[in-house]
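Encoded as structure tokens, the structure appears first; notes follow it.
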Amino acid sequence: MADEMVGTTVAGLSAALRARKLSSVELTEALLYRVETAQVALNAFVTIDREGALAQARIADGLLATDNPPPLAGVPIAHKDVLMTAGLKTTCSSKMLANFVAPYDAHVVTGLKNAGTVLLGKTNMDEFAMGSSNETSHFGPVRNPWNLAYVPGGSSGGSAASVAARLLPAATGTDTGGSIRQPASLTGICGLKPTYGTCSRYGLIAFASSLDTPGMFARTAEDCGLLLNAMAGHDPRDSTSLDRPREDYTRDLGQPLAGLRIGLPREYFGAGIDPDVAAAIDAALAEYRKLGAVTVDIGLPNVKLSVPVYYVIAPAEASSNLSRFDGVRYGHRAAEYTDLLDMYKKSRAEGFGAEVKRRILTGTYVLSHGYYDAYYLKAQQVRRLIAEDFTRAYQQCDMIMGPTAPAPAFKIGDKTDDPVQMYLNDIFTIAANLTGAPAISIPVGFDRRGLPIGMQIQSNYFTEARLLNVAHQFQQTTDWHARAPAGYAS
């Protein structure tokens, strides 16, 4: 029975577990086998915790035998290796933290644990979440299950590839400039970035503190809502965590879309979009019109500045956040050095990869005396202009739709020598991080090579429930989200 259900959604597995059609131990055993079998080809995991997962599954089966089990009792998941997990390595896919064992759980990890989930392990990622292809990992690149020669996107590529390959029904990710939505698009699954502050950043090893947002991957919008119910909530340990009443993010599922106003920014539909992507987005918009929505042309004149603004602000914050990794308290320390300063230099030179060094250097430069006003302060001012564009846009529409990425997945190695081209993969996703508003990527088709295409749906602050229903209604009339890569179907 477990083998028959390994490709089922979170909602489907939860229902089956509660009905005692299978046990969590059986399901966990089946998924661990899939994870371990696929690891050589996909390289999606950094740590596989077989013993811990089976112990948690046995506990979950005990909870499922009670009258009121936790909402996600027995459902196996994985965490991106940037989230602290007590007793397990948390490496950020970096040599700097290759042997670091987390002493406590991140807030979202605790939330999912309290909801009854079973942790299978930690997923591979771009080093310190810096990348758009999962090629900067110290442990090697993750491969896209739709075609192993292609990238899965980044930085949360391991989580995305795992869910796409049906190794598990859901996984966590973090989104700093599109690191959930872009890999979701490139692997044909759903990826949600909630409103900044909805999910606590406590225990998330920081890249850019004003942008980092925990979120999740799943096959359906409904599943994203179920996970968000467990992950969201105020955390007094995080000064950016929002103290708002708890809500059920699945409450609006089933609401009709008649009269929904979809904004189509002219800036999202210009030159540079792959023709297959443009065709898939047009077809998806046609489906929304059949569901009763109307489309409205809008403008976001400053959104074209998102990439340069991001690549000033994010490296600046990274240069500050990563200064703690110095070889003294934890992390990699050089084997040979002459004095304290030499130890700092050699430990950081050996511990950080090329992309991390590039961003630290960039960030240090833009924060330096004489350049702070010209670069960092100016970037923050333009960030406000971008947010104001979206505020005006939502007076004309309810949702904003367009491509998640300008093109489908590219081959491993194609863009590693051209950082600017790599950065442009996030051209449509960065604005949601700069503004802090929620956004989701859903699968809407495939290109001529059979690689997935995603569409991004953005909405105003704290409208995740409505956003998820807009995605959910599309998934009730299409089957893009139900398609699996060859060789990985359940």
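By order of appearance in the structure tokens: chains A, B, ..., then residues from 1 within every chain, and ligands from 1 in the order shown.
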Within region 169-328 of chain A, find each residue whose DSSP state, derived from the backbone, is helix (DSSP H, G or I), and express the selection as an MDAnalysis selection string.
chainID A and resid 181:187 221:231 266:268 275:290 303:324
Give one line per residue of region 76-122 of chain A that approaches region 307-331 of chain A to at most 7 Å, naming the two atoms of the closest pair and their distance in Å to one decimal, counting only C-alpha atoms; sort by chain then ascending residue number and deliver it as a tab-separated table.
```
residue	atom	partner	partner_atom	distance
A:Met96	CA	A:Gly331	CA	5.1
A:Leu97	CA	A:Gly331	CA	4.9
A:Phe100	CA	A:Gly331	CA	6.4
```
Ala334 (chain A): which residues within 7 Å, counting only C-alpha atoms, same-chain residues fewer than 3 positions away excluded, as a list in words?
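Using only C-alpha atoms, the neighbours found are Tyr337, Met343, Lys346 and Ser347 of chain A.
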Just the selected residues (C-alpha atoms), exported as a PDB file, in the first residue's frame, please.
```pdb
ATOM      1  CA  TYR A 337      48.426  29.837  10.007  1.00  0.00           C
ATOM      2  CA  MET A 343      43.869  32.352  10.527  1.00  0.00           C
ATOM      3  CA  LYS A 346      42.979  31.387   5.388  1.00  0.00           C
ATOM      4  CA  SER A 347      39.880  29.968   7.102  1.00  0.00           C
TER       5      SER A 347
END
```
Pick from A:Gly299, A:Gly203, A:Gly292, A:Pro169 nearest to Leu119 (chain A), counting only C-alpha atoms
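The answer is A:Pro169, which sits nearest to Leu119 (chain A).
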Sorted per-residue table, region 126-156 of chain A near region 32-43 of chain A, closest atoms and distance, 8 Å, only C-alpha atoms, as a Markdown table:
```
| residue | atom | partner | partner_atom | distance |
| --- | --- | --- | --- | --- |
| A:Gly140 | CA | A:Asn43 | CA | 7.5 |
| A:Pro141 | CA | A:Asn43 | CA | 7.0 |
| A:Val142 | CA | A:Asn43 | CA | 5.1 |
| A:Arg143 | CA | A:Leu42 | CA | 4.8 |
| A:Asn144 | CA | A:Leu42 | CA | 6.9 |
| A:Pro145 | CA | A:Leu42 | CA | 6.8 |
| A:Leu148 | CA | A:Leu42 | CA | 7.3 |
```
